[in-house]
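upload.txt (compact mmCIF, C-alpha atoms) appears below.
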```
# COMPACT_ATOMS: atom_id res chain seq x y z
CA ASP A 1 21.79 -55.38 -10.42
CA THR A 2 24.37 -52.71 -11.21
CA VAL A 3 26.55 -52.04 -14.25
CA HIS A 4 30.02 -51.10 -12.98
CA SER A 5 32.98 -49.72 -14.89
CA THR A 6 35.52 -52.29 -16.05
CA GLY A 7 38.05 -49.70 -17.22
CA LEU A 8 37.77 -47.18 -20.01
CA SER A 9 39.65 -49.28 -22.56
CA ALA A 10 37.01 -52.01 -22.39
CA PHE A 11 34.45 -49.73 -24.05
CA SER A 12 36.67 -47.41 -26.06
CA GLU A 13 35.47 -48.66 -29.46
CA MET A 14 31.80 -49.13 -28.56
CA THR A 15 29.30 -47.18 -30.65
CA THR A 16 26.00 -48.66 -29.38
CA LEU A 17 25.05 -49.72 -25.88
CA GLU A 18 21.98 -51.73 -24.88
CA VAL A 19 21.72 -52.26 -21.13
CA PRO A 20 19.71 -55.45 -20.39
CA GLU A 21 16.44 -55.61 -18.48
CA GLY A 22 16.89 -56.25 -14.78
CA VAL A 23 19.67 -53.71 -14.31
CA GLU A 24 18.64 -51.12 -11.71
CA GLU A 25 21.79 -48.99 -11.46
CA ILE A 26 24.59 -47.81 -13.73
CA GLY A 27 27.57 -47.27 -11.49
CA ASP A 28 29.95 -44.34 -11.19
CA ARG A 29 32.12 -43.76 -14.29
CA ALA A 30 30.72 -46.92 -15.94
CA PHE A 31 30.92 -45.53 -19.47
CA GLN A 32 32.97 -42.40 -18.90
CA GLY A 33 35.05 -41.31 -21.88
CA CYS A 34 33.50 -43.66 -24.48
CA LEU A 35 34.35 -41.30 -27.31
CA LYS A 36 32.56 -43.25 -30.06
CA LEU A 37 29.38 -44.10 -28.17
CA SER A 38 26.42 -42.55 -30.02
CA GLU A 39 23.40 -44.70 -29.15
CA VAL A 40 22.24 -45.84 -25.70
CA TYR A 41 19.18 -47.95 -24.88
CA LEU A 42 18.27 -48.24 -21.21
CA PRO A 43 16.03 -50.85 -19.52
CA SER A 44 12.66 -50.16 -17.92
CA THR A 45 14.09 -51.47 -14.62
CA LEU A 46 16.72 -48.72 -14.33
CA LYS A 47 16.50 -46.45 -11.27
CA ILE A 48 19.89 -44.78 -10.75
CA LEU A 49 22.54 -43.23 -13.01
CA GLY A 50 25.81 -42.92 -11.08
CA ASN A 51 28.27 -40.03 -10.97
CA ARG A 52 30.01 -39.44 -14.31
CA SER A 53 28.29 -42.55 -15.67
CA PHE A 54 28.26 -41.14 -19.23
CA SER A 55 30.57 -38.17 -18.85
CA SER A 56 32.64 -37.13 -21.87
CA CYS A 57 30.71 -39.38 -24.23
CA ILE A 58 31.17 -36.70 -26.85
CA LYS A 59 29.22 -38.44 -29.65
CA LEU A 60 26.16 -39.17 -27.50
CA GLU A 61 23.69 -36.49 -28.59
CA GLU A 62 20.35 -37.84 -27.38
CA ILE A 63 19.04 -40.24 -24.75
CA THR A 64 15.71 -41.22 -23.24
CA LEU A 65 15.59 -42.13 -19.57
CA PRO A 66 12.87 -44.69 -18.80
CA GLY A 67 10.08 -44.04 -16.34
CA GLY A 68 11.31 -45.35 -13.02
CA VAL A 69 14.66 -43.56 -12.99
CA THR A 70 14.79 -41.49 -9.81
CA SER A 71 18.34 -40.12 -9.66
CA ILE A 72 20.91 -38.68 -12.09
CA GLY A 73 24.37 -38.45 -10.54
CA ASP A 74 26.94 -35.66 -10.42
CA GLU A 75 28.45 -34.88 -13.85
CA ALA A 76 26.52 -37.84 -15.28
CA PHE A 77 26.60 -36.42 -18.83
CA ALA A 78 29.17 -33.65 -18.36
CA ILE A 79 31.69 -32.87 -21.05
CA TYR A 80 34.57 -31.89 -18.79
CA TYR A 81 37.49 -32.84 -21.00
CA ILE A 82 38.27 -33.59 -24.65
CA LYS A 83 40.84 -36.32 -25.17
CA GLU A 84 43.96 -35.70 -27.20
CA GLY A 85 43.24 -35.94 -30.91
CA VAL A 86 39.59 -34.95 -30.53
CA GLU A 87 39.48 -31.20 -30.86
CA ALA A 88 36.27 -29.18 -31.05
CA GLY A 89 36.05 -26.81 -34.00
CA ALA A 90 35.13 -23.18 -33.55
CA ASP A 91 31.47 -23.84 -34.43
CA GLU A 92 31.24 -27.41 -33.11
CA SER A 93 29.84 -28.62 -29.82
CA TYR A 94 29.92 -31.98 -28.10
CA GLY A 95 27.65 -33.79 -25.72
CA LEU A 96 23.92 -34.19 -25.25
CA LYS A 97 21.55 -32.11 -27.31
CA SER A 98 18.34 -33.82 -26.19
CA ILE A 99 17.38 -35.79 -23.08
CA VAL A 100 13.96 -37.10 -22.07
CA ILE A 101 13.67 -36.98 -18.28
CA PRO A 102 10.62 -38.77 -16.84
CA TYR A 103 8.36 -37.61 -14.03
CA SER A 104 9.97 -40.19 -11.71
CA VAL A 105 13.28 -38.28 -11.47
CA THR A 106 13.51 -36.41 -8.17
CA GLU A 107 17.26 -35.77 -7.99
CA ILE A 108 19.77 -34.38 -10.50
CA GLY A 109 23.33 -34.05 -9.28
CA TYR A 110 25.92 -31.28 -9.46
CA ASP A 111 26.94 -30.25 -13.01
CA ALA A 112 25.05 -33.22 -14.47
CA PHE A 113 25.02 -31.59 -17.92
CA SER A 114 28.05 -29.29 -17.69
CA GLY A 115 29.50 -28.57 -21.13
CA CYS A 116 26.36 -29.72 -22.99
CA ASP A 117 25.87 -26.25 -24.42
CA ASP A 118 23.12 -27.14 -26.92
CA LEU A 119 21.06 -29.30 -24.56
CA VAL A 120 17.26 -29.25 -24.56
CA ILE A 121 15.53 -31.08 -21.71
CA ARG A 122 12.29 -32.80 -22.70
CA CYS A 123 9.99 -33.36 -19.74
CA GLU A 124 6.44 -33.18 -18.44
CA LEU A 125 4.63 -30.24 -16.92
CA GLU A 126 5.12 -29.57 -13.19
CA THR A 127 7.87 -32.15 -12.71
CA TYR A 128 11.25 -31.96 -11.01
CA ALA A 129 12.90 -31.95 -14.44
CA GLU A 130 10.97 -28.83 -15.47
CA GLU A 131 11.93 -27.09 -12.21
CA TYR A 132 15.57 -28.08 -12.76
CA ALA A 133 15.61 -26.75 -16.32
CA ILE A 134 14.16 -23.41 -15.22
CA ALA A 135 16.52 -23.09 -12.25
CA HIS A 136 19.59 -23.82 -14.40
CA ASN A 137 18.51 -21.79 -17.47
CA ILE A 138 18.44 -24.87 -19.69
CA PRO A 139 15.98 -24.79 -22.62
CA TYR A 140 13.20 -27.34 -22.26
CA GLU A 141 10.20 -28.73 -24.14
CA LEU A 142 7.08 -30.13 -22.53
CA LEU A 143 5.99 -33.61 -23.51
CA GLU A 144 2.45 -34.86 -23.75
CA TYR A 145 1.83 -38.50 -22.88
CA ASP A 146 -1.23 -40.67 -22.57
CA ALA A 147 -2.12 -40.54 -18.90
CA LEU A 148 -4.23 -42.28 -16.30
CA SER A 149 -5.67 -40.08 -13.60
CA VAL A 150 -7.79 -40.66 -10.51
CA SER A 151 -10.40 -38.40 -8.97
CA VAL A 152 -11.46 -39.28 -5.44
CA THR A 153 -15.00 -38.51 -4.32
CA ASP A 154 -17.43 -39.57 -1.64
CA GLU A 155 -20.64 -41.45 -2.33
CA ASP A 156 -22.42 -38.15 -3.08
CA ASN A 157 -19.80 -37.24 -5.72
CA ASN A 158 -18.21 -34.56 -3.56
CA VAL A 159 -14.46 -34.26 -4.13
CA VAL A 160 -12.53 -35.61 -1.18
CA SER A 161 -9.70 -33.38 -0.02
CA GLY A 162 -7.09 -34.34 2.51
CA ASP A 163 -4.07 -36.55 2.89
CA TYR A 164 -4.00 -39.60 0.64
CA THR A 165 -1.59 -41.26 -1.78
CA VAL A 166 -2.28 -42.95 -5.10
CA ASN A 167 0.11 -45.75 -6.08
CA TRP A 168 0.19 -47.45 -9.49
CA TYR A 169 1.22 -51.03 -10.25
CA GLU A 170 1.41 -53.36 -13.20
CA LYS A 171 -1.35 -55.90 -12.73
CA GLY A 172 -0.26 -58.76 -10.47
CA SER A 173 2.83 -56.94 -9.19
CA ASP A 174 3.46 -55.41 -5.77
CA GLU A 175 6.15 -53.05 -7.10
CA ILE A 176 5.07 -49.41 -7.26
CA ILE A 177 5.82 -47.98 -10.70
CA ALA A 178 4.42 -44.49 -10.10
CA SER A 179 2.83 -42.41 -7.34
CA GLY A 180 0.40 -39.52 -7.61
CA LYS A 181 -3.03 -38.79 -9.00
CA VAL A 182 -1.66 -38.87 -12.56
CA PHE A 183 0.32 -41.72 -14.14
CA SER A 184 1.81 -40.50 -17.44
CA GLY A 185 3.30 -42.53 -20.25
CA TYR A 186 1.50 -45.79 -19.58
CA ASN A 187 1.67 -48.68 -22.05
CA LYS A 188 -1.78 -49.32 -23.51
CA ASN A 189 -0.83 -52.97 -24.10
CA LYS A 190 -0.41 -53.60 -20.37
CA GLU A 191 -2.90 -53.82 -17.52
CA TYR A 192 -2.52 -51.74 -14.40
CA GLU A 193 -3.88 -51.43 -10.89
CA TYR A 194 -4.05 -48.48 -8.55
CA GLU A 195 -4.30 -48.28 -4.78
CA ILE A 196 -5.36 -45.37 -2.61
CA ILE A 197 -3.68 -45.08 0.78
CA LEU A 198 -5.61 -42.82 3.13
CA GLY A 199 -3.89 -40.57 5.63
CA GLU A 200 -4.70 -40.73 9.31
CA GLU A 201 -7.53 -38.18 9.32
CA LEU A 202 -9.32 -39.57 6.27
CA SER A 203 -9.01 -43.11 7.60
CA TYR A 204 -11.25 -42.12 10.51
CA ASP A 205 -14.04 -41.18 8.10
CA TYR A 206 -13.66 -43.57 5.17
CA TYR A 207 -12.87 -47.20 4.51
CA CYS A 208 -9.55 -47.66 2.71
CA PRO A 209 -10.38 -49.08 -0.74
CA GLU A 210 -8.75 -52.21 -2.12
CA LYS A 211 -6.55 -52.25 -5.22
CA GLN A 212 -8.55 -51.52 -8.36
CA ASN A 213 -7.92 -52.87 -11.85
CA VAL A 214 -7.66 -50.45 -14.79
CA LEU A 215 -8.52 -51.43 -18.35
CA THR A 216 -6.41 -49.27 -20.68
CA THR A 217 -7.25 -48.51 -24.30
CA GLY A 218 -4.84 -45.67 -25.01
CA GLY A 219 -5.39 -41.95 -24.67
CA ASN A 220 -6.12 -40.05 -21.49
CA LEU A 221 -8.36 -41.91 -19.07
CA GLU A 222 -9.86 -40.46 -15.91
CA ILE A 223 -10.97 -42.88 -13.23
CA ASN A 224 -13.34 -42.05 -10.41
CA CYS A 225 -12.84 -43.72 -7.05
CA LYS A 226 -15.69 -43.39 -4.57
CA LEU A 227 -14.81 -43.69 -0.90
CA GLU A 228 -17.27 -45.41 1.39
CA LYS A 229 -18.12 -43.51 4.55
CA ILE A 230 -17.60 -45.35 7.83
CA GLY A 231 -21.00 -45.66 9.48
CA MET A 232 -21.73 -44.10 12.83
CA VAL A 233 -22.24 -46.56 15.67
CA THR A 234 -24.63 -45.50 18.41
CA VAL A 235 -24.26 -47.15 21.79
CA SER A 236 -27.21 -46.94 24.17
CA GLY A 237 -27.37 -48.21 27.68
```
What would the structure in this file look like if it were written as structure tokens?
Amino acid sequence: DTVHSTGLSAFSEMTTLEVPEGVEEIGDRAFQGCLKLSEVYLPSTLKILGNRSFSSCIKLEEITLPGGVTSIGDEAFAIYYIKEGVEAGADESYGLKSIVIPYSVTEIGYDAFSGCDDLVIRCELETYAEEYAIAHNIPYELLEYDALSVSVTDEDNNVVSGDYTVNWYEKGSDEIIASGKVFSGYNKNKEYEYEIILGEELSYDYYCPEKQNVLTTGGNLEINCKLEKIGMVTVSG
């Protein structure tokens, strides 16, 4: 599902926005120029923020993007004009001052935060958001979340190196919610599963393990997955 713009006048008086669960995309210019909008709550299902989706929302100072968002469009939060009758004072600034960008974001468009002069990006270590902040000279703060992590070893506890992927799921679902050895920001009240997909070379040596259930209790939890070696078959004749 996508939230599309229905014309700026439709939202001109809105101060709070709660996008319902199930929505995966907020379309281009959907809430552009909502001058009174100051609070936004986004659903866990959201994946894409369109171009200029929240541009010139001059009262919107902070927002948290849910884990699962992958793309922030061009000028998504840019302050590129001030409407008549809304004049910035000499010591006053408009636009975002704080945004939480999850590890899942892998694309941030052109001038996404243009004009947000006091912005601080809040993100995790070694993520695309951190790289973006450094490249664009935007101040940032590193977040610390409870995390699940997987170490992959053989039956003799030797670390397995090579090409493999770790995918994370909510229990009973086939939808991937995160990929990588570390899954940050998990909900301790939910159950999860992980699956290890072996690359071509490793699949010659090891059996590909089935999905594994994870019991979460909060805090950082490291899981060890042991790969079973494929036995050698000797043919005599």
Mind checking which residues fall within 6 Å of range 42-47 of chain A, counting only C-alpha atoms, ignoring those fewer than 6 positions away in the same chain, and posting them as number ranges by chain? A: 19-25, 66, 68-70
Deliver the residues from the most recent selection as a file, using C-alpha atoms, as a PDB file, in the coordinates of the input.
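Heads up, here's the output in part-v2.pdb:
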```
ATOM      1  CA  VAL A  19      21.720 -52.260 -21.130  1.00  0.00           C
ATOM      2  CA  PRO A  20      19.710 -55.450 -20.390  1.00  0.00           C
ATOM      3  CA  GLU A  21      16.440 -55.610 -18.480  1.00  0.00           C
ATOM      4  CA  GLY A  22      16.890 -56.250 -14.780  1.00  0.00           C
ATOM      5  CA  VAL A  23      19.670 -53.710 -14.310  1.00  0.00           C
ATOM      6  CA  GLU A  24      18.640 -51.120 -11.710  1.00  0.00           C
ATOM      7  CA  GLU A  25      21.790 -48.990 -11.460  1.00  0.00           C
ATOM      8  CA  PRO A  66      12.870 -44.690 -18.800  1.00  0.00           C
ATOM      9  CA  GLY A  68      11.310 -45.350 -13.020  1.00  0.00           C
ATOM     10  CA  VAL A  69      14.660 -43.560 -12.990  1.00  0.00           C
ATOM     11  CA  THR A  70      14.790 -41.490  -9.810  1.00  0.00           C
TER      12      THR A  70
END
```
So that I can check the surroundings of Glu195 in chain A, please list as a ChimeraX atom specification every protein, DNA and RNA residue that reaches within 9 Å of it, counting all atoms listed in the file and ignoring chain neighbours fewer than 3 positions away. /A:165-169,209-212
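Counting only C-alpha atoms, the residue from A:Met14, A:Ala129, A:Val214, A:Ala30 that sits nearest to Gly172 in chain A is A:Val214.
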Pick from A:Asn213, A:Ser93, A:Ser38, A:Ser114: nearest to Arg52 in chain A, with only C-alpha atoms counted?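 Closest candidate: A:Ser114.
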Would you kindly return, as number ranges by chain, each protein, DNA or RNA residue with an atom no farther than 9 Å from any atom of Ile230 in chain A, considering only C-alpha atoms and excluding same-chain residues fewer than 4 positions away? A: 203-207
In Å to one decimal, how far is CA of Cys123 in chain A from CA of Ile63 in chain A?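 Computing the Euclidean distance for CA of Ile63 in chain A and CA of Cys123 in chain A yields 12.4 Å.
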Nearest to Asn224 in chain A, chosen from A:Leu143, A:Ala78, A:Leu125, A:Val150, with all atoms listed in the file counted in the distances: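 Between A:Leu143, A:Ala78, A:Leu125, A:Val150, the residue approaching Asn224 in chain A most closely is A:Val150.
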Nearest to Ser55 in chain A: which of A:Gly33, A:Gly115, A:Pro102, A:Gly162 is it, counting all atoms listed in the file?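 Comparing A:Gly33, A:Gly115, A:Pro102, A:Gly162 against Ser55 in chain A, the winner is A:Gly33.
Considering all atoms listed in the file, the residue among A:Lys59, A:Asp111, A:Tyr164, A:Glu124 positioned nearest to Glu200 in chain A is A:Tyr164.
Counting from CA of Phe113 in chain A, the distance to CA of Thr64 in chain A is 14.4 Å.
Counting all atoms listed in the file and comparing A:Val159, A:Ala147, A:Ile177, A:Ile121, the residue that lies closest to Leu221 in chain A is A:Ala147.
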CA of Tyr132 in chain A to CA of Ser149 in chain A, straight-line distance in Å: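 Those two atoms sit 24.4 Å apart.
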Nearby residues (all atoms listed in the file) at most 12 Å from Tyr140 in chain A, same-chain spacing under 5 positions excluded, as a PyMOL selection string: chain A and resi 97-101+118-125+127+129-135
Neighbouring residues of Leu49 in chain A were defined as those with any atom within 8 Å, considering all atoms listed in the file; residues of the same chain fewer than 2 positions away were excluded. Please report them as a PDB file with C-alpha atoms, in the frame of the given file.
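Saved the output as out.pdb:
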```pdb
ATOM      1  CA  GLU A  25      21.790 -48.990 -11.460  1.00  0.00           C
ATOM      2  CA  ILE A  26      24.590 -47.810 -13.730  1.00  0.00           C
ATOM      3  CA  GLY A  27      27.570 -47.270 -11.490  1.00  0.00           C
ATOM      4  CA  ASP A  28      29.950 -44.340 -11.190  1.00  0.00           C
ATOM      5  CA  LYS A  47      16.500 -46.450 -11.270  1.00  0.00           C
ATOM      6  CA  ASN A  51      28.270 -40.030 -10.970  1.00  0.00           C
ATOM      7  CA  SER A  53      28.290 -42.550 -15.670  1.00  0.00           C
ATOM      8  CA  VAL A  69      14.660 -43.560 -12.990  1.00  0.00           C
ATOM      9  CA  SER A  71      18.340 -40.120  -9.660  1.00  0.00           C
ATOM     10  CA  ILE A  72      20.910 -38.680 -12.090  1.00  0.00           C
ATOM     11  CA  GLY A  73      24.370 -38.450 -10.540  1.00  0.00           C
ATOM     12  CA  ALA A  76      26.520 -37.840 -15.280  1.00  0.00           C
TER      13      ALA A  76
END
```
Could I see range 212-225 of chain A restored to N, CA, C and O atoms, set down as a PDB file, in the frame of the given file?
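And here's selection.pdb as it stands now:
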```
ATOM      1  N   GLN A 212      -7.579 -51.496  -7.269  1.00  0.00           N
ATOM      2  CA  GLN A 212      -8.550 -51.520  -8.360  1.00  0.00           C
ATOM      3  C   GLN A 212      -7.857 -51.760  -9.686  1.00  0.00           C
ATOM      4  O   GLN A 212      -6.801 -51.191  -9.965  1.00  0.00           O
ATOM      5  N   ASN A 213      -8.460 -52.594 -10.524  1.00  0.00           N
ATOM      6  CA  ASN A 213      -7.920 -52.870 -11.850  1.00  0.00           C
ATOM      7  C   ASN A 213      -8.301 -51.759 -12.820  1.00  0.00           C
ATOM      8  O   ASN A 213      -9.367 -51.161 -12.713  1.00  0.00           O
ATOM      9  N   VAL A 214      -7.409 -51.465 -13.779  1.00  0.00           N
ATOM     10  CA  VAL A 214      -7.660 -50.450 -14.790  1.00  0.00           C
ATOM     11  C   VAL A 214      -7.543 -51.088 -16.164  1.00  0.00           C
ATOM     12  O   VAL A 214      -6.517 -51.698 -16.486  1.00  0.00           O
ATOM     13  N   LEU A 215      -8.566 -50.957 -16.972  1.00  0.00           N
ATOM     14  CA  LEU A 215      -8.520 -51.430 -18.350  1.00  0.00           C
ATOM     15  C   LEU A 215      -8.108 -50.264 -19.238  1.00  0.00           C
ATOM     16  O   LEU A 215      -8.815 -49.257 -19.322  1.00  0.00           O
ATOM     17  N   THR A 216      -6.951 -50.376 -19.886  1.00  0.00           N
ATOM     18  CA  THR A 216      -6.410 -49.270 -20.680  1.00  0.00           C
ATOM     19  C   THR A 216      -6.663 -49.509 -22.158  1.00  0.00           C
ATOM     20  O   THR A 216      -6.536 -50.625 -22.655  1.00  0.00           O
ATOM     21  N   THR A 217      -6.988 -48.431 -22.853  1.00  0.00           N
ATOM     22  CA  THR A 217      -7.250 -48.510 -24.300  1.00  0.00           C
ATOM     23  C   THR A 217      -6.448 -47.474 -25.070  1.00  0.00           C
ATOM     24  O   THR A 217      -6.630 -47.311 -26.271  1.00  0.00           O
ATOM     25  N   GLY A 218      -5.563 -46.771 -24.384  1.00  0.00           N
ATOM     26  CA  GLY A 218      -4.840 -45.670 -25.010  1.00  0.00           C
ATOM     27  C   GLY A 218      -5.544 -44.356 -24.754  1.00  0.00           C
ATOM     28  O   GLY A 218      -6.719 -44.314 -24.387  1.00  0.00           O
ATOM     29  N   GLY A 219      -4.825 -43.254 -24.924  1.00  0.00           N
ATOM     30  CA  GLY A 219      -5.390 -41.950 -24.670  1.00  0.00           C
ATOM     31  C   GLY A 219      -5.410 -41.613 -23.192  1.00  0.00           C
ATOM     32  O   GLY A 219      -4.895 -42.362 -22.351  1.00  0.00           O
ATOM     33  N   ASN A 220      -6.015 -40.480 -22.874  1.00  0.00           N
ATOM     34  CA  ASN A 220      -6.120 -40.050 -21.490  1.00  0.00           C
ATOM     35  C   ASN A 220      -7.385 -40.639 -20.871  1.00  0.00           C
ATOM     36  O   ASN A 220      -8.470 -40.538 -21.440  1.00  0.00           O
ATOM     37  N   LEU A 221      -7.238 -41.232 -19.726  1.00  0.00           N
ATOM     38  CA  LEU A 221      -8.360 -41.910 -19.070  1.00  0.00           C
ATOM     39  C   LEU A 221      -8.462 -41.418 -17.633  1.00  0.00           C
ATOM     40  O   LEU A 221      -7.503 -41.516 -16.868  1.00  0.00           O
ATOM     41  N   GLU A 222      -9.621 -40.889 -17.284  1.00  0.00           N
ATOM     42  CA  GLU A 222      -9.860 -40.460 -15.910  1.00  0.00           C
ATOM     43  C   GLU A 222     -10.729 -41.469 -15.194  1.00  0.00           C
ATOM     44  O   GLU A 222     -11.768 -41.883 -15.698  1.00  0.00           O
ATOM     45  N   ILE A 223     -10.290 -41.870 -14.023  1.00  0.00           N
ATOM     46  CA  ILE A 223     -10.970 -42.880 -13.230  1.00  0.00           C
ATOM     47  C   ILE A 223     -11.540 -42.217 -11.992  1.00  0.00           C
ATOM     48  O   ILE A 223     -10.873 -41.398 -11.356  1.00  0.00           O
ATOM     49  N   ASN A 224     -12.752 -42.575 -11.641  1.00  0.00           N
ATOM     50  CA  ASN A 224     -13.340 -42.050 -10.410  1.00  0.00           C
ATOM     51  C   ASN A 224     -13.349 -43.141  -9.352  1.00  0.00           C
ATOM     52  O   ASN A 224     -13.800 -44.250  -9.590  1.00  0.00           O
ATOM     53  N   CYS A 225     -12.826 -42.800  -8.197  1.00  0.00           N
ATOM     54  CA  CYS A 225     -12.840 -43.720  -7.050  1.00  0.00           C
ATOM     55  C   CYS A 225     -13.733 -43.123  -5.969  1.00  0.00           C
ATOM     56  O   CYS A 225     -13.479 -42.018  -5.502  1.00  0.00           O
TER      57      CYS A 225
END
```
